[in-house]
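For reference, the structure discussed in these notes is given below.
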Amino acid sequence: QTCALPISGISIEHHFNDFLIGKVMVASGYWDPTGGIANRRGTNQYWDLNLYGLETTYELTWRGGTYSLDPRDNGKPWFVRVGGQYHSGYGLNNAKDVNGNYFFLTGEPRQVYFGNSQYYAMVEAMLYREPGSYSRGLTGFLKAKYSPWDYRGSLTKQLTIGFGYEGIFGRDNDVLFLGYAHMGVNKGVIERTWNMPACTQLPNCSVANFQGAFELGYSAQITPYFFINPKFYYVLHPNTRIDLGDIFSFGIEFRLSL
């Protein structure tokens, strides 16, 4: 077993009125190219600001219906949220080495940059409520993300849409859900994929500028604390490669909530 400590930070939330909420969070600039393997016990809090910097998230949420604090508003819940995120610490160029060549061909250290950011907007609303019920019905959401960098991170644009029906098949807490994510990759990822040996050595290699993923799933509540979630996935252009074909997969998740 491992024990993970949360990254140190502070979050401030202010309610301007019953409908408008502002939130700002500042935390130590955690960035681990190993994906967390190098910090699996969570004991490194990354407070070397010259290297790791700070991560700042800021957002405004306008909400209505029963999401609002107005006791007179009993309509279907909805909210609109806009925000952004800025990380002032270091990261690694996703394609180039310190000499401006492709790092996977030369073996040289990758270029280091400081500062990365993204901006997002989201809307969520209950579209249909079953008569006489508060939670049973159809809810939908739409989320858009934008990042302006060519060689930092991997995505420039992302659009995600999804729907969930709670109370399906006469079971109050079961949810049937469907979603699609369209992820536009940036210039560095496209260049890297085109120039990797796995592409240049194949005569029919073809690279897309996006990857898409459909998800269809069902969350079944077996007990108040135990859920079974079967899911289907269909991935378009995995790893942005067109010539390798799409992927269809199925999985089951068992979730215990205490």
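Chain labels follow the order of the structure tokens: the first chain is A, the next B, and so on; residue numbering restarts at 1 in every chain, and ligands are counted from 1 in their shown order.
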
Show me, as JSON lines, the residues of segment 131-180 of chain A having an atom within 12 Å of segment 90-110 of chain A, each with the closest atom pair and its distance in Å, using only C-alpha atoms.
{"residue": "A:Trp149", "atom": "CA", "partner": "A:Asn93", "partner_atom": "CA", "distance": 10.5}
{"residue": "A:Asp150", "atom": "CA", "partner": "A:Asn94", "partner_atom": "CA", "distance": 9.0}
{"residue": "A:Tyr151", "atom": "CA", "partner": "A:Asn94", "partner_atom": "CA", "distance": 5.5}
{"residue": "A:Arg152", "atom": "CA", "partner": "A:Asn93", "partner_atom": "CA", "distance": 5.8}
{"residue": "A:Gly153", "atom": "CA", "partner": "A:Asn94", "partner_atom": "CA", "distance": 6.7}
{"residue": "A:Ser154", "atom": "CA", "partner": "A:Asn94", "partner_atom": "CA", "distance": 7.3}
{"residue": "A:Leu155", "atom": "CA", "partner": "A:Asn94", "partner_atom": "CA", "distance": 10.9}

Apply DSSP to the backbone of this structure and, from segment 51-100 of chain A, keep only the residues in strand (DSSP E); write these as a PyMOL selection string. chain A and resi 54-64+78-97

DSSP on the backbone, then: every residue of segment 132-204 of chain A marked alpha helix (DSSP H), written as a PDB file with all heavy atoms, in the first residue's frame.
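As a result, part-v1.pdb now contains:
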ATOM      1  N   LYS A 187       0.843  21.351 -32.498  1.00  0.00           N
ATOM      2  CA  LYS A 187       1.817  21.204 -33.576  1.00  0.00           C
ATOM      3  C   LYS A 187       2.935  20.232 -33.216  1.00  0.00           C
ATOM      4  O   LYS A 187       3.368  19.427 -34.042  1.00  0.00           O
ATOM      5  CB  LYS A 187       2.393  22.580 -33.904  1.00  0.00           C
ATOM      6  CG  LYS A 187       3.390  22.598 -35.040  1.00  0.00           C
ATOM      7  CD  LYS A 187       3.861  24.017 -35.307  1.00  0.00           C
ATOM      8  CE  LYS A 187       4.883  24.062 -36.442  1.00  0.00           C
ATOM      9  NZ  LYS A 187       5.346  25.458 -36.684  1.00  0.00           N
ATOM     10  N   GLY A 188       3.424  20.307 -31.969  1.00  0.00           N
ATOM     11  CA  GLY A 188       4.523  19.439 -31.569  1.00  0.00           C
ATOM     12  C   GLY A 188       4.166  17.976 -31.611  1.00  0.00           C
ATOM     13  O   GLY A 188       4.969  17.137 -32.047  1.00  0.00           O
ATOM     14  N   VAL A 189       2.955  17.632 -31.174  1.00  0.00           N
ATOM     15  CA  VAL A 189       2.526  16.226 -31.185  1.00  0.00           C
ATOM     16  C   VAL A 189       2.413  15.711 -32.622  1.00  0.00           C
ATOM     17  O   VAL A 189       2.812  14.581 -32.933  1.00  0.00           O
ATOM     18  CB  VAL A 189       1.192  16.073 -30.437  1.00  0.00           C
ATOM     19  CG1 VAL A 189       0.628  14.673 -30.606  1.00  0.00           C
ATOM     20  CG2 VAL A 189       1.371  16.396 -28.959  1.00  0.00           C
ATOM     21  N   ILE A 190       1.861  16.536 -33.526  1.00  0.00           N
ATOM     22  CA  ILE A 190       1.725  16.120 -34.922  1.00  0.00           C
ATOM     23  C   ILE A 190       3.099  15.904 -35.552  1.00  0.00           C
ATOM     24  O   ILE A 190       3.348  14.891 -36.224  1.00  0.00           O
ATOM     25  CB  ILE A 190       0.915  17.162 -35.702  1.00  0.00           C
ATOM     26  CG1 ILE A 190      -0.522  17.239 -35.160  1.00  0.00           C
ATOM     27  CG2 ILE A 190       0.900  16.825 -37.188  1.00  0.00           C
ATOM     28  CD1 ILE A 190      -1.347  18.350 -35.761  1.00  0.00           C
ATOM     29  N   GLU A 191       4.011  16.858 -35.345  1.00  0.00           N
ATOM     30  CA  GLU A 191       5.361  16.715 -35.898  1.00  0.00           C
ATOM     31  C   GLU A 191       6.059  15.471 -35.344  1.00  0.00           C
ATOM     32  O   GLU A 191       6.721  14.729 -36.086  1.00  0.00           O
ATOM     33  CB  GLU A 191       6.188  17.958 -35.570  1.00  0.00           C
ATOM     34  CG  GLU A 191       5.800  19.195 -36.350  1.00  0.00           C
ATOM     35  CD  GLU A 191       6.735  20.351 -36.047  1.00  0.00           C
ATOM     36  OE1 GLU A 191       7.718  20.145 -35.299  1.00  0.00           O
ATOM     37  OE2 GLU A 191       6.478  21.463 -36.544  1.00  0.00           O
ATOM     38  N   ARG A 192       5.932  15.266 -34.047  1.00  0.00           N
ATOM     39  CA  ARG A 192       6.582  14.119 -33.418  1.00  0.00           C
ATOM     40  C   ARG A 192       6.072  12.807 -34.007  1.00  0.00           C
ATOM     41  O   ARG A 192       6.844  11.899 -34.308  1.00  0.00           O
ATOM     42  CB  ARG A 192       6.338  14.161 -31.905  1.00  0.00           C
ATOM     43  CG  ARG A 192       7.021  13.045 -31.129  1.00  0.00           C
ATOM     44  CD  ARG A 192       6.654  13.144 -29.667  1.00  0.00           C
ATOM     45  NE  ARG A 192       5.258  12.845 -29.447  1.00  0.00           N
ATOM     46  CZ  ARG A 192       4.569  13.230 -28.368  1.00  0.00           C
ATOM     47  NH1 ARG A 192       5.157  13.949 -27.432  1.00  0.00           N
ATOM     48  NH2 ARG A 192       3.302  12.901 -28.241  1.00  0.00           N
ATOM     49  N   THR A 193       4.766  12.708 -34.195  1.00  0.00           N
ATOM     50  CA  THR A 193       4.190  11.471 -34.713  1.00  0.00           C
ATOM     51  C   THR A 193       4.618  11.217 -36.154  1.00  0.00           C
ATOM     52  O   THR A 193       4.971  10.085 -36.518  1.00  0.00           O
ATOM     53  CB  THR A 193       2.657  11.527 -34.615  1.00  0.00           C
ATOM     54  OG1 THR A 193       2.270  11.847 -33.270  1.00  0.00           O
ATOM     55  CG2 THR A 193       2.038  10.189 -34.989  1.00  0.00           C
ATOM     56  N   TRP A 194       4.610  12.260 -36.985  1.00  0.00           N
ATOM     57  CA  TRP A 194       5.022  12.097 -38.378  1.00  0.00           C
ATOM     58  C   TRP A 194       6.467  11.648 -38.489  1.00  0.00           C
ATOM     59  O   TRP A 194       6.834  10.904 -39.415  1.00  0.00           O
ATOM     60  CB  TRP A 194       4.853  13.420 -39.134  1.00  0.00           C
ATOM     61  CG  TRP A 194       3.522  13.635 -39.774  1.00  0.00           C
ATOM     62  CD1 TRP A 194       2.612  14.610 -39.480  1.00  0.00           C
ATOM     63  CD2 TRP A 194       2.936  12.871 -40.830  1.00  0.00           C
ATOM     64  NE1 TRP A 194       1.494  14.501 -40.273  1.00  0.00           N
ATOM     65  CE2 TRP A 194       1.672  13.431 -41.115  1.00  0.00           C
ATOM     66  CE3 TRP A 194       3.347  11.749 -41.549  1.00  0.00           C
ATOM     67  CZ2 TRP A 194       0.826  12.924 -42.090  1.00  0.00           C
ATOM     68  CZ3 TRP A 194       2.500  11.244 -42.539  1.00  0.00           C
ATOM     69  CH2 TRP A 194       1.263  11.830 -42.799  1.00  0.00           C
ATOM     70  N   ASN A 195       7.344  12.111 -37.597  1.00  0.00           N
ATOM     71  CA  ASN A 195       8.777  11.892 -37.739  1.00  0.00           C
ATOM     72  C   ASN A 195       9.330  10.744 -36.898  1.00  0.00           C
ATOM     73  O   ASN A 195      10.530  10.465 -36.981  1.00  0.00           O
ATOM     74  CB  ASN A 195       9.531  13.176 -37.387  1.00  0.00           C
ATOM     75  CG  ASN A 195       9.356  14.251 -38.444  1.00  0.00           C
ATOM     76  OD1 ASN A 195      10.023  14.247 -39.467  1.00  0.00           O
ATOM     77  ND2 ASN A 195       8.433  15.181 -38.181  1.00  0.00           N
ATOM     78  N   PRO A 197      10.229   6.923 -36.020  1.00  0.00           N
ATOM     79  CA  PRO A 197      10.496   5.756 -36.879  1.00  0.00           C
ATOM     80  C   PRO A 197       9.282   4.865 -37.081  1.00  0.00           C
ATOM     81  O   PRO A 197       9.126   4.254 -38.141  1.00  0.00           O
ATOM     82  CB  PRO A 197      11.619   5.030 -36.125  1.00  0.00           C
ATOM     83  CG  PRO A 197      12.318   6.115 -35.354  1.00  0.00           C
ATOM     84  CD  PRO A 197      11.242   7.077 -34.953  1.00  0.00           C
ATOM     85  N   ALA A 198       8.401   4.782 -36.081  1.00  0.00           N
ATOM     86  CA  ALA A 198       7.203   3.944 -36.215  1.00  0.00           C
ATOM     87  C   ALA A 198       6.287   4.444 -37.323  1.00  0.00           C
ATOM     88  O   ALA A 198       5.421   3.707 -37.798  1.00  0.00           O
ATOM     89  CB  ALA A 198       6.440   3.908 -34.893  1.00  0.00           C
ATOM     90  N   CYS A 199       6.484   5.697 -37.757  1.00  0.00           N
ATOM     91  CA  CYS A 199       5.695   6.246 -38.865  1.00  0.00           C
ATOM     92  C   CYS A 199       6.512   6.312 -40.150  1.00  0.00           C
ATOM     93  O   CYS A 199       6.040   5.905 -41.220  1.00  0.00           O
ATOM     94  CB  CYS A 199       5.186   7.631 -38.510  1.00  0.00           C
ATOM     95  SG  CYS A 199       4.058   8.360 -39.739  1.00  0.00           S
ATOM     96  N   THR A 200       7.748   6.796 -40.070  1.00  0.00           N
ATOM     97  CA  THR A 200       8.557   6.975 -41.287  1.00  0.00           C
ATOM     98  C   THR A 200       8.922   5.657 -41.939  1.00  0.00           C
ATOM     99  O   THR A 200       9.187   5.606 -43.149  1.00  0.00           O
ATOM    100  CB  THR A 200       9.842   7.756 -40.958  1.00  0.00           C
ATOM    101  OG1 THR A 200      10.585   7.048 -39.948  1.00  0.00           O
ATOM    102  CG2 THR A 200       9.507   9.149 -40.428  1.00  0.00           C
TER     103      THR A 200
END

8 Å contact set for Pro230 of chain A, only C-alpha atoms, chain neighbours under 4 positions out, as a PyMOL selection string: chain A and resi 217-219+250-253

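Counting only C-alpha atoms, the residue from A:Leu236, A:Ile242, A:Leu258, A:Ala208 that sits nearest to Thr223 of chain A is A:Leu258.
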
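In this comparison, which uses only C-alpha atoms, the residue of A:Asn116, A:Gln221, A:Thr61, A:Gln111 approaching Tyr146 of chain A most closely is A:Asn116.
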
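The nearest approach to Thr240 of chain A among the residues A:Leu69, A:Ala144, A:Cys205, A:Val82, with only C-alpha atoms taken into account, belongs to A:Cys205.
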
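Distances here use only C-alpha atoms; by that measure, the residue among A:Ile228, A:Val207, A:Ala27, A:Val123 closest to Val175 of chain A is A:Ile228.
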
Using only C-alpha atoms, what does the table of segment 44-107 of chain A residues within 10 Å of segment 12-20 of chain A look like, with each row giving the shortest atom pair and its distance in Å to one decimal, sorted by chain and ascending number, as a tab-separated table?
residue	atom	partner	partner_atom	distance
A:Tyr58	CA	A:Ile12	CA	9.7
A:Glu59	CA	A:Glu13	CA	9.7
A:Leu60	CA	A:Leu20	CA	7.2
A:Thr61	CA	A:Leu20	CA	5.8
A:Trp62	CA	A:Leu20	CA	4.7
A:Arg63	CA	A:Phe19	CA	5.1
A:Gly64	CA	A:Phe19	CA	6.2
A:Gly65	CA	A:Phe19	CA	9.4
A:Tyr67	CA	A:Phe19	CA	8.4
A:Ser68	CA	A:Phe19	CA	5.4
A:Leu69	CA	A:Asp18	CA	4.7
A:Asp70	CA	A:Asp18	CA	5.7
A:Pro71	CA	A:Asp18	CA	9.3
A:Phe79	CA	A:Phe19	CA	9.0
A:Val80	CA	A:Leu20	CA	9.8
A:Arg81	CA	A:Leu20	CA	9.8

Could those selected residues go to a file with N, CA, C and O atoms, as a compact mmCIF listing (two decimals), in the first residue's frame?
# COMPACT_ATOMS: atom_id res chain seq x y z
N TYR A 58 -8.54 29.61 -11.65
CA TYR A 58 -9.51 30.65 -11.34
C TYR A 58 -10.76 30.40 -12.18
O TYR A 58 -10.66 30.00 -13.34
N GLU A 59 -11.94 30.60 -11.59
CA GLU A 59 -13.17 30.36 -12.33
C GLU A 59 -14.34 31.12 -11.74
O GLU A 59 -14.37 31.47 -10.55
N LEU A 60 -15.31 31.38 -12.60
CA LEU A 60 -16.58 31.98 -12.23
C LEU A 60 -17.70 31.02 -12.61
O LEU A 60 -17.69 30.46 -13.71
N THR A 61 -18.66 30.84 -11.72
CA THR A 61 -19.79 29.95 -11.97
C THR A 61 -21.09 30.72 -11.76
O THR A 61 -21.29 31.35 -10.72
N TRP A 62 -21.95 30.69 -12.77
CA TRP A 62 -23.29 31.26 -12.66
C TRP A 62 -24.26 30.09 -12.68
O TRP A 62 -24.27 29.29 -13.61
N ARG A 63 -25.06 29.95 -11.62
CA ARG A 63 -25.92 28.78 -11.50
C ARG A 63 -27.35 29.18 -11.22
O ARG A 63 -27.63 30.23 -10.62
N GLY A 64 -28.28 28.32 -11.62
CA GLY A 64 -29.70 28.61 -11.43
C GLY A 64 -30.48 27.34 -11.15
O GLY A 64 -29.92 26.25 -11.00
N GLY A 65 -31.79 27.49 -11.10
CA GLY A 65 -32.63 26.36 -10.71
C GLY A 65 -32.32 25.96 -9.28
O GLY A 65 -31.96 26.79 -8.45
N TYR A 67 -29.79 24.54 -8.24
CA TYR A 67 -28.38 24.71 -7.91
C TYR A 67 -28.14 26.04 -7.19
O TYR A 67 -27.14 26.21 -6.50
N SER A 68 -29.01 27.01 -7.40
CA SER A 68 -28.82 28.32 -6.79
C SER A 68 -29.19 28.27 -5.30
O SER A 68 -29.75 27.30 -4.80
N LEU A 69 -28.85 29.36 -4.59
CA LEU A 69 -29.18 29.45 -3.17
C LEU A 69 -30.51 30.16 -2.93
O LEU A 69 -30.89 30.39 -1.79
N ASP A 70 -31.18 30.52 -4.01
CA ASP A 70 -32.46 31.21 -3.89
C ASP A 70 -33.55 30.18 -3.55
O ASP A 70 -33.86 29.31 -4.36
N PRO A 71 -34.13 30.24 -2.36
CA PRO A 71 -35.13 29.23 -1.97
C PRO A 71 -36.39 29.28 -2.81
O PRO A 71 -37.19 28.34 -2.80
N PHE A 79 -25.88 25.23 -14.63
CA PHE A 79 -24.82 26.20 -14.35
C PHE A 79 -23.98 26.43 -15.60
O PHE A 79 -23.91 25.59 -16.50
N VAL A 80 -23.35 27.61 -15.63
CA VAL A 80 -22.39 27.99 -16.67
C VAL A 80 -21.10 28.36 -15.95
O VAL A 80 -21.12 29.13 -14.98
N ARG A 81 -19.96 27.84 -16.42
CA ARG A 81 -18.69 28.08 -15.74
C ARG A 81 -17.62 28.45 -16.75
O ARG A 81 -17.50 27.82 -17.81

Who sits within 12 Å of Tyr52 of chain A, only C-alpha atoms, same chain under 3 positions skipped, as a count of residues only: 23

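From atom CA of Phe169 of chain A back to atom CA of Ser257 of chain A, the distance works out to 22.4 Å.
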